[in-house]
Amino acid sequence: MKTIQAFLVLSVLELVLLGLNAHAQNSCAYTFQSNNKGKTFEFCVSSSGNIVEITANGVKQLSTSGVSGYTVEIQSEFGGGCGTDYGFLGNTGWDRPARVTQPNGPGTLPIMVLNDMVPYHLAETITQTAATNTIQVKMTVSSEVGRGVNPAYVTITRVADFDANNALNNWLDHSLIRSWAYNQDGVIAMLYPSNFVAAEFEQAGVVANPKAGFDFCNIPDAATPYFGDGAAYARTFFTLQPQGKKSVTFAYQIF
């Protein structure tokens, strides 16, 4: 009986610790503020290198309570898989925890985020253009597979659970490569690939009710225009040769 009780206590403790760790992944670890012509812009990055909050002129446009993150899927004969970071809904598929650094010192940009899916590696560089309320995330995938073998196929998807003007329910829509959330007061929060020269295919869409959970490696499409608690996504696809390296950049922008 004592053994069963001890097991139950340990199980509960493990669940509590897991919950605290998941919450921490969706909390602000690095915060950046800027001011342009009297208008303020602020965003923050989690301890695992995920963009989890955006505020413009004191109003939240993306919140830590949402489901924002990314999926990197690598199809290869030599490893690969599906690596994700969606805060409290999961950070999975990587060989070890992300390493987050600030090469120019604490409190400065860029932020560098490194993840491994050996023999492939993901390097993210997070920067900001204050004049246009834009955050850029450059995502570089490299291969250490030996030459003379088949290439890998890489799909990168970023998801932003926007709450335009701090409203849980928004209208969401998309074009071929851009997706956005908006409401009646004219505020628009947009996600799109800003540099995709290396990509062979681009796509955008909307996820319905992301807080209920969804398949990170097979992200579902909602019919648009969509009204409700939804998230915007943007996606790129490219072929990666052995010993190769390719980058695409995604932008989060508030209008």
# chains A, B, ... in the order shown; residues from 1 in each chain; ligands from 1
>>> select_by_dssp(residues="stretch 84-246 of chain A", states="helix (DSSP H, G or I)", output="ChimeraX atom specification")
/A:87-89,130-132,164-166,210-212
>>> closest_atom_pairs(of="stretch 229-251 of chain A", to="stretch 125-142 of chain A", cutoff="6 Å", atoms="only C-alpha atoms", output="Markdown table")
| residue | atom | partner | partner_atom | distance |
| --- | --- | --- | --- | --- |
| A:Gly244 | CA | A:Ser142 | CA | 5.7 |
| A:Lys245 | CA | A:Ser142 | CA | 4.2 |
| A:Lys246 | CA | A:Thr140 | CA | 5.5 |
| A:Ser247 | CA | A:Thr140 | CA | 4.1 |
| A:Val248 | CA | A:Met139 | CA | 5.5 |
| A:Thr249 | CA | A:Lys138 | CA | 4.1 |
| A:Phe250 | CA | A:Val137 | CA | 5.2 |
| A:Ala251 | CA | A:Gln136 | CA | 4.5 |
>>> write_last_selection(atoms="C-alpha atoms", output="PDB file, in the first residue's frame")
ATOM      1  CA  GLY A 244      23.799  22.065 -47.862  1.00  0.00           C
ATOM      2  CA  LYS A 245      22.236  25.006 -46.038  1.00  0.00           C
ATOM      3  CA  LYS A 246      19.097  26.989 -46.893  1.00  0.00           C
ATOM      4  CA  SER A 247      17.220  29.844 -45.191  1.00  0.00           C
ATOM      5  CA  VAL A 248      13.782  31.393 -45.254  1.00  0.00           C
ATOM      6  CA  THR A 249      12.613  34.399 -43.226  1.00  0.00           C
ATOM      7  CA  PHE A 250       9.164  34.894 -41.724  1.00  0.00           C
ATOM      8  CA  ALA A 251       7.747  38.251 -40.607  1.00  0.00           C
TER       9      ALA A 251
END
>>> select_by_dssp(residues="stretch 112-158 of chain A", states="strand (DSSP E or B)", output="PyMOL selection string")
chain A and resi 112-117+120-129+134-143+152-158
>>> write_last_selection(atoms="C-alpha atoms", output="PDB file, in the first residue's frame")
ATOM      1  CA  MET A 112      19.883  33.055 -31.791  1.00  0.00           C
ATOM      2  CA  VAL A 113      18.046  29.752 -31.321  1.00  0.00           C
ATOM      3  CA  LEU A 114      19.678  26.400 -32.132  1.00  0.00           C
ATOM      4  CA  ASN A 115      17.884  23.054 -32.433  1.00  0.00           C
ATOM      5  CA  ASP A 116      19.154  19.656 -33.571  1.00  0.00           C
ATOM      6  CA  MET A 117      17.552  16.811 -35.471  1.00  0.00           C
ATOM      7  CA  TYR A 120      20.144  18.153 -39.536  1.00  0.00           C
ATOM      8  CA  HIS A 121      20.281  21.420 -37.616  1.00  0.00           C
ATOM      9  CA  LEU A 122      18.008  24.455 -37.296  1.00  0.00           C
ATOM     10  CA  ALA A 123      19.392  27.932 -36.555  1.00  0.00           C
ATOM     11  CA  GLU A 124      16.934  30.783 -35.976  1.00  0.00           C
ATOM     12  CA  THR A 125      17.854  34.453 -35.919  1.00  0.00           C
ATOM     13  CA  ILE A 126      15.260  36.828 -34.436  1.00  0.00           C
ATOM     14  CA  THR A 127      15.498  40.531 -35.323  1.00  0.00           C
ATOM     15  CA  GLN A 128      13.212  43.556 -35.432  1.00  0.00           C
ATOM     16  CA  THR A 129      12.413  46.517 -37.687  1.00  0.00           C
ATOM     17  CA  THR A 134       7.897  43.998 -37.707  1.00  0.00           C
ATOM     18  CA  ILE A 135       9.656  40.993 -36.182  1.00  0.00           C
ATOM     19  CA  GLN A 136      11.716  38.815 -38.509  1.00  0.00           C
ATOM     20  CA  VAL A 137      12.656  35.197 -37.882  1.00  0.00           C
ATOM     21  CA  LYS A 138      15.289  33.795 -40.218  1.00  0.00           C
ATOM     22  CA  MET A 139      15.209  29.986 -40.155  1.00  0.00           C
ATOM     23  CA  THR A 140      18.241  28.160 -41.538  1.00  0.00           C
ATOM     24  CA  VAL A 141      18.350  24.385 -41.936  1.00  0.00           C
ATOM     25  CA  SER A 142      21.701  22.709 -42.577  1.00  0.00           C
ATOM     26  CA  SER A 143      22.682  19.135 -43.388  1.00  0.00           C
ATOM     27  CA  ALA A 152      16.137  15.997 -47.857  1.00  0.00           C
ATOM     28  CA  TYR A 153      12.748  17.689 -48.192  1.00  0.00           C
ATOM     29  CA  VAL A 154      12.111  20.453 -45.657  1.00  0.00           C
ATOM     30  CA  THR A 155       8.771  22.037 -44.738  1.00  0.00           C
ATOM     31  CA  ILE A 156       8.748  24.956 -42.291  1.00  0.00           C
ATOM     32  CA  THR A 157       5.470  26.294 -40.874  1.00  0.00           C
ATOM     33  CA  ARG A 158       5.051  29.167 -38.439  1.00  0.00           C
TER      34      ARG A 158
END
>>> closest_residue(among="A:Ile188, A:Val206, A:Ala56, A:Ala29", to="A:Asp161", atoms="only C-alpha atoms")
A:Val206
>>> atom_distance(atom1="atom CA of A:Phe214", atom2="atom CA of A:Ile111")
27.8 Å
>>> atom_distance(atom1="atom CA of A:Thr224", atom2="atom CA of A:His174")
7.7 Å
>>> closest_residue(among="A:Phe32, A:Phe196, A:Phe227, A:Trp94", to="A:Pro110", atoms="only C-alpha atoms")
A:Phe32
>>> atom_distance(atom1="atom CA of A:Ser47", atom2="atom CA of A:Ala232")
22.6 Å
